[in-house]
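Novice: Input structure: entry.txt, which contains compact mmCIF, C-alpha atoms and all ligand atoms.
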# COMPACT_ATOMS: atom_id res chain seq x y z
CA MET A 1 78.80 24.80 33.97
CA LYS A 2 78.24 26.60 37.27
CA ASN A 3 78.31 24.23 40.24
CA ASP A 4 75.27 25.59 42.03
CA ILE A 5 72.57 25.14 39.43
CA ASN A 6 70.45 22.32 38.17
CA ARG A 7 69.87 22.57 34.42
CA GLN A 8 66.61 21.02 33.27
CA PHE A 9 65.28 20.45 29.77
CA ARG A 10 61.56 21.10 29.79
CA LEU A 11 59.38 20.14 26.85
CA LYS A 12 58.13 23.33 25.18
CA SER A 13 56.34 21.94 22.13
CA ARG A 14 55.62 18.55 20.62
CA PRO A 15 58.09 17.96 17.78
CA VAL A 16 56.81 17.77 14.24
CA GLY A 17 59.10 15.39 12.35
CA ARG A 18 62.68 15.68 13.62
CA ILE A 19 63.32 17.01 17.11
CA ASN A 20 64.39 20.66 17.21
CA ASP A 21 66.30 22.41 20.00
CA SER A 22 63.39 24.87 20.03
CA ASP A 23 61.08 22.06 21.21
CA PHE A 24 62.82 22.40 24.60
CA GLU A 25 63.53 25.11 27.11
CA LEU A 26 66.76 24.84 29.10
CA VAL A 27 65.91 26.16 32.57
CA GLU A 28 68.38 26.84 35.38
CA THR A 29 66.99 26.01 38.83
CA PRO A 30 68.64 25.69 42.26
CA ILE A 31 70.12 22.31 43.16
CA PRO A 32 67.39 20.48 45.10
CA VAL A 33 67.75 20.00 48.86
CA ALA A 34 66.79 16.58 50.28
CA GLN A 35 63.65 16.64 52.43
CA ASP A 36 62.58 13.82 54.76
CA GLY A 37 62.34 10.56 52.78
CA GLU A 38 64.26 11.99 49.81
CA ALA A 39 67.71 11.69 48.30
CA VAL A 40 69.42 14.02 45.83
CA VAL A 41 71.14 12.33 42.93
CA ARG A 42 73.83 13.85 40.70
CA ASN A 43 73.11 12.53 37.23
CA LEU A 44 76.13 10.98 35.51
CA TYR A 45 74.86 9.31 32.35
CA LEU A 46 71.61 9.76 30.47
CA SER A 47 70.25 7.12 28.12
CA LEU A 48 68.96 8.41 24.78
CA ASP A 49 66.34 6.13 23.29
CA PRO A 50 63.99 6.11 20.32
CA THR A 51 61.14 6.02 22.83
CA ASN A 52 62.10 9.55 23.91
CA ARG A 53 60.55 10.66 20.63
CA ILE A 54 57.35 8.74 21.45
CA TRP A 55 57.12 10.32 24.92
CA MET A 56 57.49 13.80 23.36
CA SER A 57 54.38 13.13 21.25
CA ASP A 58 50.83 12.66 22.42
CA ILE A 59 50.07 9.54 20.38
CA ASP A 60 48.46 6.59 22.16
CA GLN A 61 51.41 5.04 24.06
CA TYR A 62 52.46 2.77 26.92
CA MET A 63 53.20 5.56 29.45
CA PRO A 64 51.68 9.02 29.76
CA PRO A 65 53.22 11.46 27.29
CA VAL A 66 55.59 14.03 28.83
CA GLU A 67 53.44 17.07 29.56
CA ILE A 68 54.28 20.39 27.99
CA GLY A 69 56.36 22.30 30.56
CA ALA A 70 57.52 19.14 32.36
CA VAL A 71 61.14 17.99 32.62
CA MET A 72 61.83 15.53 29.80
CA ARG A 73 61.68 11.91 30.94
CA GLY A 74 64.80 9.79 30.49
CA GLY A 75 66.58 6.82 31.99
CA GLY A 76 70.09 6.99 33.33
CA ILE A 77 72.57 6.48 36.14
CA GLY A 78 73.51 8.87 38.93
CA ARG A 79 75.22 9.04 42.31
CA VAL A 80 73.47 9.90 45.56
CA VAL A 81 75.03 13.13 46.90
CA ALA A 82 72.64 13.83 49.81
CA SER A 83 70.14 11.58 51.54
CA ARG A 84 67.42 11.76 54.15
CA SER A 85 66.04 8.42 53.00
CA PRO A 86 66.80 5.05 54.61
CA ARG A 87 66.76 3.48 51.17
CA TYR A 88 69.68 5.48 49.71
CA GLN A 89 73.17 6.11 51.12
CA VAL A 90 75.43 8.94 49.98
CA GLY A 91 77.76 7.47 47.34
CA ASP A 92 75.27 4.86 46.09
CA LEU A 93 74.99 4.50 42.33
CA VAL A 94 71.36 4.44 41.25
CA ALA A 95 69.59 3.78 37.97
CA GLY A 96 66.15 4.55 36.59
CA PHE A 97 64.27 7.65 35.49
CA VAL A 98 66.74 10.43 36.30
CA ASN A 99 65.31 12.64 33.54
CA TRP A 100 66.97 15.35 31.44
CA GLN A 101 68.58 17.37 34.21
CA ASP A 102 71.75 17.60 36.31
CA TYR A 103 70.13 16.51 39.59
CA THR A 104 67.20 14.24 40.43
CA VAL A 105 65.20 13.92 43.64
CA ALA A 106 64.69 10.23 44.50
CA ARG A 107 61.70 9.33 46.63
CA VAL A 108 60.86 5.85 47.86
CA ASP A 109 57.20 6.38 46.99
CA ASP A 110 57.97 7.27 43.36
CA ALA A 111 55.91 5.09 41.02
CA MET A 112 59.19 3.62 39.71
CA PRO A 113 61.81 4.35 42.40
CA LEU A 114 65.47 4.54 41.38
CA ARG A 115 67.15 1.20 42.05
CA THR A 116 70.56 0.90 43.69
CA LEU A 117 73.24 -0.72 41.52
CA PRO A 118 75.30 -3.56 42.98
CA LYS A 119 78.58 -2.37 44.50
CA GLY A 120 81.96 -3.40 43.16
CA LEU A 121 80.77 -4.96 39.88
CA PRO A 122 83.75 -4.70 37.49
CA ILE A 123 81.58 -3.45 34.62
CA PRO A 124 81.84 0.15 33.33
CA LEU A 125 78.79 2.33 33.97
CA PRO A 126 77.98 2.86 30.26
CA THR A 127 77.88 -0.94 29.85
CA MET A 128 75.53 -1.10 32.83
CA MET A 129 73.16 1.00 30.69
CA ALA A 130 73.84 -0.86 27.45
CA ALA A 131 74.31 -4.65 27.29
CA CYS A 132 73.70 -5.04 31.04
CA GLY A 133 70.94 -2.42 31.34
CA THR A 134 67.41 -1.94 30.07
CA THR A 135 68.72 -2.23 26.52
CA GLY A 136 70.20 -5.67 27.15
CA LEU A 137 67.07 -6.72 29.02
CA THR A 138 64.95 -5.72 26.02
CA ALA A 139 67.05 -7.93 23.78
CA TYR A 140 67.17 -10.78 26.30
CA PHE A 141 63.47 -11.07 27.13
CA GLY A 142 62.20 -10.11 23.68
CA LEU A 143 64.32 -12.74 21.98
CA LEU A 144 64.23 -15.57 24.52
CA GLU A 145 60.67 -15.29 25.89
CA LEU A 146 58.90 -14.25 22.69
CA GLY A 147 61.23 -15.26 19.85
CA LYS A 148 61.86 -18.67 21.48
CA PRO A 149 64.93 -19.35 19.30
CA LYS A 150 66.10 -22.93 18.81
CA ALA A 151 69.60 -23.95 17.76
CA GLY A 152 69.82 -23.83 13.97
CA ASP A 153 67.01 -21.26 13.59
CA THR A 154 67.57 -18.29 11.30
CA VAL A 155 67.09 -15.10 13.31
CA VAL A 156 66.79 -11.76 11.50
CA VAL A 157 67.36 -8.54 13.42
CA SER A 158 66.71 -5.03 12.10
CA ALA A 159 68.66 -1.98 13.39
CA ALA A 160 71.29 -4.66 14.03
CA ALA A 161 74.15 -2.25 14.80
CA GLY A 162 72.12 -0.38 17.38
CA ALA A 163 71.80 -0.78 21.12
CA VAL A 164 69.16 -3.53 21.22
CA GLY A 165 69.99 -5.12 17.87
CA SER A 166 73.67 -5.63 18.63
CA VAL A 167 72.76 -7.56 21.79
CA VAL A 168 69.96 -9.61 20.17
CA GLY A 169 72.34 -10.93 17.51
CA GLN A 170 74.91 -11.99 20.09
CA ILE A 171 72.36 -13.75 22.32
CA ALA A 172 70.96 -15.56 19.28
CA LYS A 173 74.50 -16.77 18.48
CA ILE A 174 74.97 -17.92 22.09
CA LYS A 175 71.78 -19.98 21.58
CA GLY A 176 73.21 -21.58 18.41
CA CYS A 177 71.19 -19.67 15.80
CA ARG A 178 72.21 -18.37 12.39
CA THR A 179 71.97 -14.58 12.54
CA VAL A 180 71.20 -12.08 9.80
CA GLY A 181 71.44 -8.40 10.66
CA ILE A 182 69.94 -5.51 8.73
CA ALA A 183 71.76 -2.19 9.04
CA GLY A 184 72.35 1.03 7.12
CA GLY A 185 75.57 1.30 5.10
CA PRO A 186 78.61 -0.89 4.35
CA GLU A 187 80.53 0.24 7.44
CA LYS A 188 77.79 -0.85 9.85
CA CYS A 189 77.34 -4.10 7.90
CA ARG A 190 81.05 -4.87 8.28
CA LEU A 191 80.87 -4.01 11.98
CA ILE A 192 77.93 -6.24 12.80
CA LYS A 193 79.73 -9.24 11.32
CA ASP A 194 83.16 -8.48 12.76
CA GLU A 195 82.15 -7.23 16.18
CA PHE A 196 78.74 -8.71 16.94
CA GLY A 197 79.24 -12.01 15.14
CA TYR A 198 76.36 -11.78 12.66
CA ASP A 199 76.64 -14.48 9.99
CA GLU A 200 75.18 -12.23 7.30
CA ALA A 201 74.59 -8.50 6.97
CA VAL A 202 72.09 -6.80 4.70
CA ASP A 203 72.59 -3.11 3.92
CA TYR A 204 69.07 -1.73 3.57
CA LYS A 205 70.46 1.44 1.99
CA ALA A 206 71.80 -0.53 -1.02
CA THR A 207 69.48 -0.61 -4.02
CA ASP A 208 69.47 -4.43 -4.16
CA TRP A 209 68.72 -4.96 -0.44
CA ARG A 210 65.60 -7.05 -1.07
CA GLU A 211 67.55 -9.54 -3.19
CA ARG A 212 70.35 -9.55 -0.59
CA LEU A 213 67.81 -10.38 2.09
CA VAL A 214 66.56 -13.34 0.03
CA GLN A 215 70.14 -14.56 -0.55
CA ALA A 216 70.97 -14.18 3.16
CA THR A 217 67.98 -16.30 4.23
CA PRO A 218 68.08 -19.42 2.00
CA LYS A 219 66.14 -21.47 4.58
CA GLY A 220 63.66 -18.69 5.33
CA VAL A 221 63.35 -16.88 8.65
CA ASP A 222 62.26 -18.50 11.92
CA VAL A 223 62.50 -15.46 14.18
CA ASN A 224 62.26 -11.80 13.15
CA PHE A 225 63.28 -9.47 15.97
CA GLU A 226 61.63 -6.32 14.68
CA ASN A 227 63.08 -2.92 15.55
CA VAL A 228 62.27 -0.85 12.48
CA GLY A 229 58.82 -1.55 10.99
CA GLY A 230 57.68 -0.26 7.58
CA GLU A 231 59.03 -1.76 4.38
CA ILE A 232 61.92 -3.58 6.08
CA MET A 233 59.46 -5.43 8.33
CA GLU A 234 57.22 -6.25 5.36
CA ALA A 235 60.16 -7.63 3.36
CA VAL A 236 61.29 -9.85 6.26
CA MET A 237 57.74 -11.13 6.85
CA LEU A 238 57.72 -12.35 3.25
CA ARG A 239 60.76 -14.51 4.12
CA MET A 240 59.26 -16.02 7.24
CA ASN A 241 58.69 -19.73 7.65
CA LEU A 242 55.39 -21.25 8.77
CA TYR A 243 54.72 -20.45 12.42
CA GLY A 244 57.68 -18.08 12.56
CA ARG A 245 57.87 -15.84 15.64
CA MET A 246 58.15 -12.08 15.55
CA PRO A 247 58.85 -10.17 18.75
CA LEU A 248 57.74 -6.63 17.84
CA CYS A 249 60.16 -4.48 19.80
CA GLY A 250 59.97 -1.19 17.92
CA MET A 251 59.10 0.54 14.66
CA ILE A 252 61.58 3.40 14.58
CA SER A 253 61.03 4.13 10.88
CA GLY A 254 57.65 5.61 11.79
CA TYR A 255 58.41 7.60 14.96
CA ASN A 256 59.03 10.91 13.15
CA ALA A 257 56.14 10.39 10.73
CA ALA A 258 52.84 12.22 10.98
CA GLU A 259 50.85 9.08 10.07
CA PRO A 260 51.54 5.42 11.02
CA ALA A 261 52.69 3.22 8.12
CA LYS A 262 50.14 0.83 6.60
CA VAL A 263 51.18 -2.83 6.88
CA ASP A 264 50.05 -5.70 4.65
CA PHE A 265 48.71 -8.44 6.96
CA THR A 266 48.56 -11.11 4.24
CA PRO A 267 51.87 -12.87 5.10
CA ILE A 268 50.81 -13.08 8.75
CA LEU A 269 47.83 -15.19 7.71
CA MET A 270 49.51 -17.23 4.99
CA ARG A 271 52.58 -18.06 7.11
CA ARG A 272 50.73 -18.16 10.47
CA ILE A 273 53.28 -15.77 11.94
CA GLY A 274 53.07 -15.23 15.70
CA ILE A 275 53.61 -11.52 16.37
CA GLN A 276 53.87 -10.26 19.92
CA GLY A 277 54.44 -6.61 20.74
CA PHE A 278 56.19 -6.03 24.05
CA ILE A 279 57.61 -3.36 26.31
CA VAL A 280 60.64 -4.34 28.38
CA LEU A 281 58.82 -3.23 31.54
CA ASP A 282 56.47 -6.21 31.01
CA PHE A 283 59.35 -8.34 32.31
CA ALA A 284 60.22 -6.18 35.34
CA ALA A 285 59.62 -9.06 37.76
CA LYS A 286 62.47 -10.97 36.08
CA PHE A 287 64.95 -8.09 35.64
CA ALA A 288 67.31 -9.37 38.38
CA GLU A 289 67.59 -12.77 36.68
CA GLY A 290 68.11 -11.19 33.23
CA SER A 291 70.67 -8.63 34.46
CA ALA A 292 72.67 -11.32 36.24
CA GLN A 293 72.84 -13.45 33.08
CA LEU A 294 73.78 -10.49 30.88
CA ALA A 295 76.52 -9.43 33.34
CA ARG A 296 77.86 -13.02 33.41
CA TRP A 297 78.07 -13.11 29.61
CA VAL A 298 79.85 -9.74 29.55
CA LEU A 299 82.34 -10.83 32.21
CA GLU A 300 82.94 -14.14 30.40
CA GLY A 301 83.65 -12.23 27.17
CA LYS A 302 80.65 -13.81 25.39
CA LEU A 303 78.71 -10.55 25.03
CA LYS A 304 80.22 -7.30 23.75
CA SER A 305 78.75 -3.94 24.63
CA ARG A 306 79.19 -0.93 22.36
CA GLU A 307 78.32 2.61 23.32
CA THR A 308 78.34 5.98 21.55
CA ILE A 309 78.91 8.61 24.24
CA VAL A 310 78.13 12.29 23.67
CA GLU A 311 79.52 14.75 26.25
CA GLY A 312 77.21 17.32 27.83
CA LEU A 313 73.59 17.43 28.93
CA GLU A 314 73.09 20.48 26.70
CA LYS A 315 73.48 18.20 23.65
CA ALA A 316 70.54 15.94 24.59
CA PRO A 317 67.84 17.31 22.24
CA SER A 318 70.05 17.36 19.15
CA ALA A 319 71.75 14.05 20.01
CA VAL A 320 68.46 12.11 20.05
CA ASN A 321 68.28 12.73 16.32
CA MET A 322 71.40 10.57 15.92
CA LEU A 323 69.12 7.58 16.50
CA PHE A 324 67.04 8.58 13.51
CA ASP A 325 69.89 9.38 11.12
CA GLY A 326 71.82 6.28 12.23
CA SER A 327 74.95 8.08 13.45
CA ASN A 328 75.07 5.99 16.62
CA VAL A 329 76.60 2.54 17.01
CA GLY A 330 75.35 0.56 19.99
CA LYS A 331 73.85 2.41 22.92
CA LEU A 332 73.57 6.21 22.65
CA ILE A 333 74.45 7.86 25.95
CA ILE A 334 74.93 11.42 27.16
CA LYS A 335 77.69 11.90 29.72
CA VAL A 336 76.20 14.45 32.09
CA ALA A 337 79.04 14.54 34.64
CA ASP A 338 82.33 12.75 35.24
CA PRO A 339 81.76 9.87 37.71
CA ALA A 340 85.37 10.19 38.93
CA ALA A 341 84.70 13.76 40.05
CA ILE A 342 81.44 13.11 41.92
N1 LIG B 1 59.84 -2.51 23.35
C1 LIG B 1 60.75 -2.02 24.19
O1 LIG B 1 60.66 -2.13 25.43
C2 LIG B 1 61.93 -1.32 23.61
C3 LIG B 1 63.04 -0.98 24.41
C4 LIG B 1 64.15 -0.38 23.79
C5 LIG B 1 64.11 -0.10 22.42
N2 LIG B 1 62.99 -0.43 21.70
C6 LIG B 1 62.92 -0.21 20.27
O2 LIG B 1 63.99 -0.92 19.68
C7 LIG B 1 64.41 -0.24 18.50
C8 LIG B 1 65.91 0.02 18.60
O3 LIG B 1 66.12 0.87 19.73
P1 LIG B 1 67.59 1.17 20.25
O4 LIG B 1 67.47 1.89 21.52
O5 LIG B 1 68.37 -0.07 20.21
O6 LIG B 1 68.11 2.19 19.16
P2 LIG B 1 69.34 1.97 18.18
O7 LIG B 1 69.08 0.74 17.39
O8 LIG B 1 70.61 2.09 18.94
O9 LIG B 1 69.24 3.25 17.26
C9 LIG B 1 68.28 3.32 16.27
C10 LIG B 1 68.82 2.78 14.93
O10 LIG B 1 67.71 2.58 14.09
C11 LIG B 1 68.12 2.69 12.76
N3 LIG B 1 67.13 3.47 12.03
C12 LIG B 1 66.70 4.72 12.32
N4 LIG B 1 65.76 5.11 11.44
C13 LIG B 1 65.60 4.09 10.57
C14 LIG B 1 64.79 3.88 9.41
N5 LIG B 1 63.94 4.82 8.98
N6 LIG B 1 64.89 2.71 8.76
C15 LIG B 1 65.77 1.75 9.19
N7 LIG B 1 66.56 1.88 10.26
C16 LIG B 1 66.48 3.04 10.94
C17 LIG B 1 69.50 3.37 12.75
O11 LIG B 1 70.45 2.42 12.37
P3 LIG B 1 70.95 2.31 10.83
O12 LIG B 1 72.16 3.18 10.72
O13 LIG B 1 71.23 0.87 10.67
O14 LIG B 1 69.84 2.83 9.97
C18 LIG B 1 69.72 3.75 14.21
O15 LIG B 1 71.07 3.64 14.60
C19 LIG B 1 63.57 1.02 18.41
O16 LIG B 1 62.46 0.77 17.55
C20 LIG B 1 63.08 1.22 19.82
O17 LIG B 1 61.87 1.95 19.89
C21 LIG B 1 61.92 -1.02 22.28
Kindly transcribe the structure held in the file into structure tokens.
Specialist:
Amino acid sequence: MKNDINRQFRLKSRPVGRINDSDFELVETPIPVAQDGEAVVRNLYLSLDPTNRIWMSDIDQYMPPVEIGAVMRGGGIGRVVASRSPRYQVGDLVAGFVNWQDYTVARVDDAMPLRTLPKGLPIPLPTMMAACGTTGLTAYFGLLELGKPKAGDTVVVSAAAGAVGSVVGQIAKIKGCRTVGIAGGPEKCRLIKDEFGYDEAVDYKATDWRERLVQATPKGVDVNFENVGGEIMEAVMLRMNLYGRMPLCGMISGYNAAEPAKVDFTPILMRRIGIQGFIVLDFAAKFAEGSAQLARWVLEGKLKSRETIVEGLEKAPSAVNMLFDGSNVGKLIIKVADPAAI
């Protein structure tokens, strides 16, 4: 890559089904120059998330959709390389919406300003985006505030080998629960037991997965941390105990679909299931508390973070599809630039 340009992915068309490279235009622009009150950030890591697919669409959603022609929205970490802002010093590591580009302009009056990461924390930057970042916070608040797990509860987690799911299972174990993870394929099922400590793993790609789910939950399900939706969610709801709790974190099985899946509400009534949808940003006021706890668990060796890192900003559009074909384990991250060189 040339050193004097800022590559930006701009949304060209709203994807139909899977994301295509042709849905984006890769534009080369000059590196921004900091004006009064601004800082220029060299992006280092970009977080790829299922919600990227939602933002590319114009369905009813929790933030405005990315406009056609705009730089694609995305979270990540970068380093301040120029500053005319009292809030940011050159060399600071910052996190937040850095977007799909090489450089970001940080302004204090941004609706969600980039936050400065603590200095000297002995945690690798990818982990700061995974178990200790927004991903970990999603697992932490969704499970603890909405799932309200008690020791001995059976907690089921879908997309259990993924970024959020791998952390949910480990926090549930820390809280003394019995954990059952649902994941695609024997390799991921082995991994979630060996690496993330799940007590049971159900391979939803096996033909007998519904029976396996029943066998894995002999005492029913007290908490269903829902990441997938569709028929997996329906099958788990049929295993739920009276007054079970279901934090509804995501429904990835439907994000590429033209029409939302129809869900049978009957078990919700019969089992009096408490379902609460949430967006991690709902807990923003408590992020410092959650991040500190997650970092403590990581440093104490109680919480493992796994990342799948893809090199090169240019891979971003095609790499998001890895989330939908399941070729990621843990947090999917694009390495935009080498932190050691910036
Ligand atoms: N509410 C919030 O604030 C919030 C924040 C972050 C994430 N989320 C949601 O949490 C969920 C997980 O996100 P993540 O970032 O942790 O991604 P992830 O789990 O790391 O990646 C997605 C995983 O979903 C599984 N998957 C994809 N399509 C599927 C399908 N049709 N049926 C079953 N499984 C499928 C794949 O695993 P397999 O190989 O096992 O199929 C894939 O690895 C998503 O629904 C996301 O939207 C919500």
Novice: Calculated over only C-alpha atoms, which of the candidates A:Val16, A:Val164, A:Leu26, A:Ala319 has the smallest distance to Tyr140 in chain A?
Specialist: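 Of A:Val16, A:Val164, A:Leu26, A:Ala319, the one nearest Tyr140 in chain A, counting only C-alpha atoms, is A:Val164.
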Novice: Please write out the residues within 8 Å of ligand LIG 1 (chain B) as a ChimeraX atom specification, counting all atoms listed in the file.
Specialist: /A:48-51,134-135,138,142,158-166,182-185,188,203-204,226-230,232,248-254,277-281,322-332
Novice: Please produce a file of the residues just selected, as a PDB file, keeping the file's coordinate frame, where the atoms kept are C-alpha atoms.
Specialist:
ATOM      1  CA  LEU A  48      68.960   8.410  24.780  1.00  0.00           C
ATOM      2  CA  ASP A  49      66.340   6.130  23.290  1.00  0.00           C
ATOM      3  CA  PRO A  50      63.990   6.110  20.320  1.00  0.00           C
ATOM      4  CA  THR A  51      61.140   6.020  22.830  1.00  0.00           C
ATOM      5  CA  THR A 134      67.410  -1.940  30.070  1.00  0.00           C
ATOM      6  CA  THR A 135      68.720  -2.230  26.520  1.00  0.00           C
ATOM      7  CA  THR A 138      64.950  -5.720  26.020  1.00  0.00           C
ATOM      8  CA  GLY A 142      62.200 -10.110  23.680  1.00  0.00           C
ATOM      9  CA  SER A 158      66.710  -5.030  12.100  1.00  0.00           C
ATOM     10  CA  ALA A 159      68.660  -1.980  13.390  1.00  0.00           C
ATOM     11  CA  ALA A 160      71.290  -4.660  14.030  1.00  0.00           C
ATOM     12  CA  ALA A 161      74.150  -2.250  14.800  1.00  0.00           C
ATOM     13  CA  GLY A 162      72.120  -0.380  17.380  1.00  0.00           C
ATOM     14  CA  ALA A 163      71.800  -0.780  21.120  1.00  0.00           C
ATOM     15  CA  VAL A 164      69.160  -3.530  21.220  1.00  0.00           C
ATOM     16  CA  GLY A 165      69.990  -5.120  17.870  1.00  0.00           C
ATOM     17  CA  SER A 166      73.670  -5.630  18.630  1.00  0.00           C
ATOM     18  CA  ILE A 182      69.940  -5.510   8.730  1.00  0.00           C
ATOM     19  CA  ALA A 183      71.760  -2.190   9.040  1.00  0.00           C
ATOM     20  CA  GLY A 184      72.350   1.030   7.120  1.00  0.00           C
ATOM     21  CA  GLY A 185      75.570   1.300   5.100  1.00  0.00           C
ATOM     22  CA  LYS A 188      77.790  -0.850   9.850  1.00  0.00           C
ATOM     23  CA  ASP A 203      72.590  -3.110   3.920  1.00  0.00           C
ATOM     24  CA  TYR A 204      69.070  -1.730   3.570  1.00  0.00           C
ATOM     25  CA  GLU A 226      61.630  -6.320  14.680  1.00  0.00           C
ATOM     26  CA  ASN A 227      63.080  -2.920  15.550  1.00  0.00           C
ATOM     27  CA  VAL A 228      62.270  -0.850  12.480  1.00  0.00           C
ATOM     28  CA  GLY A 229      58.820  -1.550  10.990  1.00  0.00           C
ATOM     29  CA  GLY A 230      57.680  -0.260   7.580  1.00  0.00           C
ATOM     30  CA  ILE A 232      61.920  -3.580   6.080  1.00  0.00           C
ATOM     31  CA  LEU A 248      57.740  -6.630  17.840  1.00  0.00           C
ATOM     32  CA  CYS A 249      60.160  -4.480  19.800  1.00  0.00           C
ATOM     33  CA  GLY A 250      59.970  -1.190  17.920  1.00  0.00           C
ATOM     34  CA  MET A 251      59.100   0.540  14.660  1.00  0.00           C
ATOM     35  CA  ILE A 252      61.580   3.400  14.580  1.00  0.00           C
ATOM     36  CA  SER A 253      61.030   4.130  10.880  1.00  0.00           C
ATOM     37  CA  GLY A 254      57.650   5.610  11.790  1.00  0.00           C
ATOM     38  CA  GLY A 277      54.440  -6.610  20.740  1.00  0.00           C
ATOM     39  CA  PHE A 278      56.190  -6.030  24.050  1.00  0.00           C
ATOM     40  CA  ILE A 279      57.610  -3.360  26.310  1.00  0.00           C
ATOM     41  CA  VAL A 280      60.640  -4.340  28.380  1.00  0.00           C
ATOM     42  CA  LEU A 281      58.820  -3.230  31.540  1.00  0.00           C
ATOM     43  CA  MET A 322      71.400  10.570  15.920  1.00  0.00           C
ATOM     44  CA  LEU A 323      69.120   7.580  16.500  1.00  0.00           C
ATOM     45  CA  PHE A 324      67.040   8.580  13.510  1.00  0.00           C
ATOM     46  CA  ASP A 325      69.890   9.380  11.120  1.00  0.00           C
ATOM     47  CA  GLY A 326      71.820   6.280  12.230  1.00  0.00           C
ATOM     48  CA  SER A 327      74.950   8.080  13.450  1.00  0.00           C
ATOM     49  CA  ASN A 328      75.070   5.990  16.620  1.00  0.00           C
ATOM     50  CA  VAL A 329      76.600   2.540  17.010  1.00  0.00           C
ATOM     51  CA  GLY A 330      75.350   0.560  19.990  1.00  0.00           C
ATOM     52  CA  LYS A 331      73.850   2.410  22.920  1.00  0.00           C
ATOM     53  CA  LEU A 332      73.570   6.210  22.650  1.00  0.00           C
TER      54      LEU A 332
END
Novice: Given the choices A:Ile275, A:Met129, A:Ala201, A:Val40, which gets closest to Leu146 in chain A if the distance is worked out from only C-alpha atoms?
Specialist: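 For Leu146 in chain A, the nearest of the candidates is A:Ile275.
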Novice: Nearest to Pro317 in chain A: which of A:Arg42, A:Arg178, A:Arg73, A:Lys150 is it, counting all atoms listed in the file?
Specialist: A:Arg73
Novice: When you draw a straight line from CA of Glu234 in chain A to CA of Asp58 in chain A, how long is it in Å?
Specialist: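 A separation of 26.3 Å between them.
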Novice: Please determine, counting all atoms listed in the file, which residue among A:Arg212, A:Arg14, A:Lys315, A:Arg245 has the shortest atom-to-atom distance to Gly69 in chain A.
Specialist: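 Answer, going by the shortest atom-to-atom distance: A:Arg14.
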Novice: Work out how far CA of Met72 in chain A is from CA of Val157 in chain A, in Å to one decimal.
Specialist: 29.6 Å
Novice: For the atom pair CA of Glu211 in chain A and CA of Val156 in chain A, what is the interatomic distance in Å to one decimal place?
Specialist: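 So the answer is 14.9 Å.
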Novice: If you take every atom of range 73-78 of chain A that the file lists and fit an axis-aligned box around them with 6 Å extra on each side, what centre and edge lengths come out in Å to one decimal, as AutoDock Vina command-line options?
Specialist:
--center_x 67.6 --center_y 9.2 --center_z 34.7 --size_x 23.8 --size_y 17.4 --size_z 20.4
Novice: Find, counting all atoms listed in the file, the residue in A:Pro64, A:Pro124, A:Gly37, A:Pro118 that gets nearest to Ala82 in chain A.
Specialist: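 For Ala82 in chain A, the nearest of the candidates is A:Gly37.
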Novice: Do you know which residues lie at most 12 Å from (49.7, -12.8, 1.5), with coordinates as in the file and all atoms listed in the file counted, and could you write them as JSON, numbers by chain?
Specialist: {"A": [234, 235, 237, 238, 239, 240, 263, 264, 265, 266, 267, 268, 269, 270, 271, 272, 273]}
Novice: Could you turn the residues from that selection into a file that holds C-alpha atoms, as a PDB file, in the frame of the given file?
Specialist:
ATOM      1  CA  GLU A 234      57.220  -6.250   5.360  1.00  0.00           C
ATOM      2  CA  ALA A 235      60.160  -7.630   3.360  1.00  0.00           C
ATOM      3  CA  MET A 237      57.740 -11.130   6.850  1.00  0.00           C
ATOM      4  CA  LEU A 238      57.720 -12.350   3.250  1.00  0.00           C
ATOM      5  CA  ARG A 239      60.760 -14.510   4.120  1.00  0.00           C
ATOM      6  CA  MET A 240      59.260 -16.020   7.240  1.00  0.00           C
ATOM      7  CA  VAL A 263      51.180  -2.830   6.880  1.00  0.00           C
ATOM      8  CA  ASP A 264      50.050  -5.700   4.650  1.00  0.00           C
ATOM      9  CA  PHE A 265      48.710  -8.440   6.960  1.00  0.00           C
ATOM     10  CA  THR A 266      48.560 -11.110   4.240  1.00  0.00           C
ATOM     11  CA  PRO A 267      51.870 -12.870   5.100  1.00  0.00           C
ATOM     12  CA  ILE A 268      50.810 -13.080   8.750  1.00  0.00           C
ATOM     13  CA  LEU A 269      47.830 -15.190   7.710  1.00  0.00           C
ATOM     14  CA  MET A 270      49.510 -17.230   4.990  1.00  0.00           C
ATOM     15  CA  ARG A 271      52.580 -18.060   7.110  1.00  0.00           C
ATOM     16  CA  ARG A 272      50.730 -18.160  10.470  1.00  0.00           C
ATOM     17  CA  ILE A 273      53.280 -15.770  11.940  1.00  0.00           C
TER      18      ILE A 273
END
Novice: Smallest atom-to-atom distance to Leu303 in chain A: which of A:Met246, A:Ile334, A:Val98, A:Ala131, using only C-alpha atoms?
Specialist: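 The closest residue to Leu303 in chain A is A:Ala131.
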Novice: Just want the 10 Å neighbourhood of Ala106 in chain A, counted on all atoms listed in the file, with same-chain residues fewer than 5 positions away dropped. Output as a PyMOL selection string.
Specialist: chain A and resi 34+37-41+80+83+85+87-88+94+96-98+112-115
Novice: Need the shell around range 195-200 of chain A: protein/DNA/RNA residues with any atom at most 8 Å away, counting all atoms listed in the file. Skip same-chain ones fewer than 6 positions apart. Format as a list in words?
Specialist: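 Surrounding residues, per the criterion: Ser166, Val167, Gly169, Gln170, Lys173, Arg178, Thr179, Val180, Gly181, Ala216 and Lys304 of chain A.
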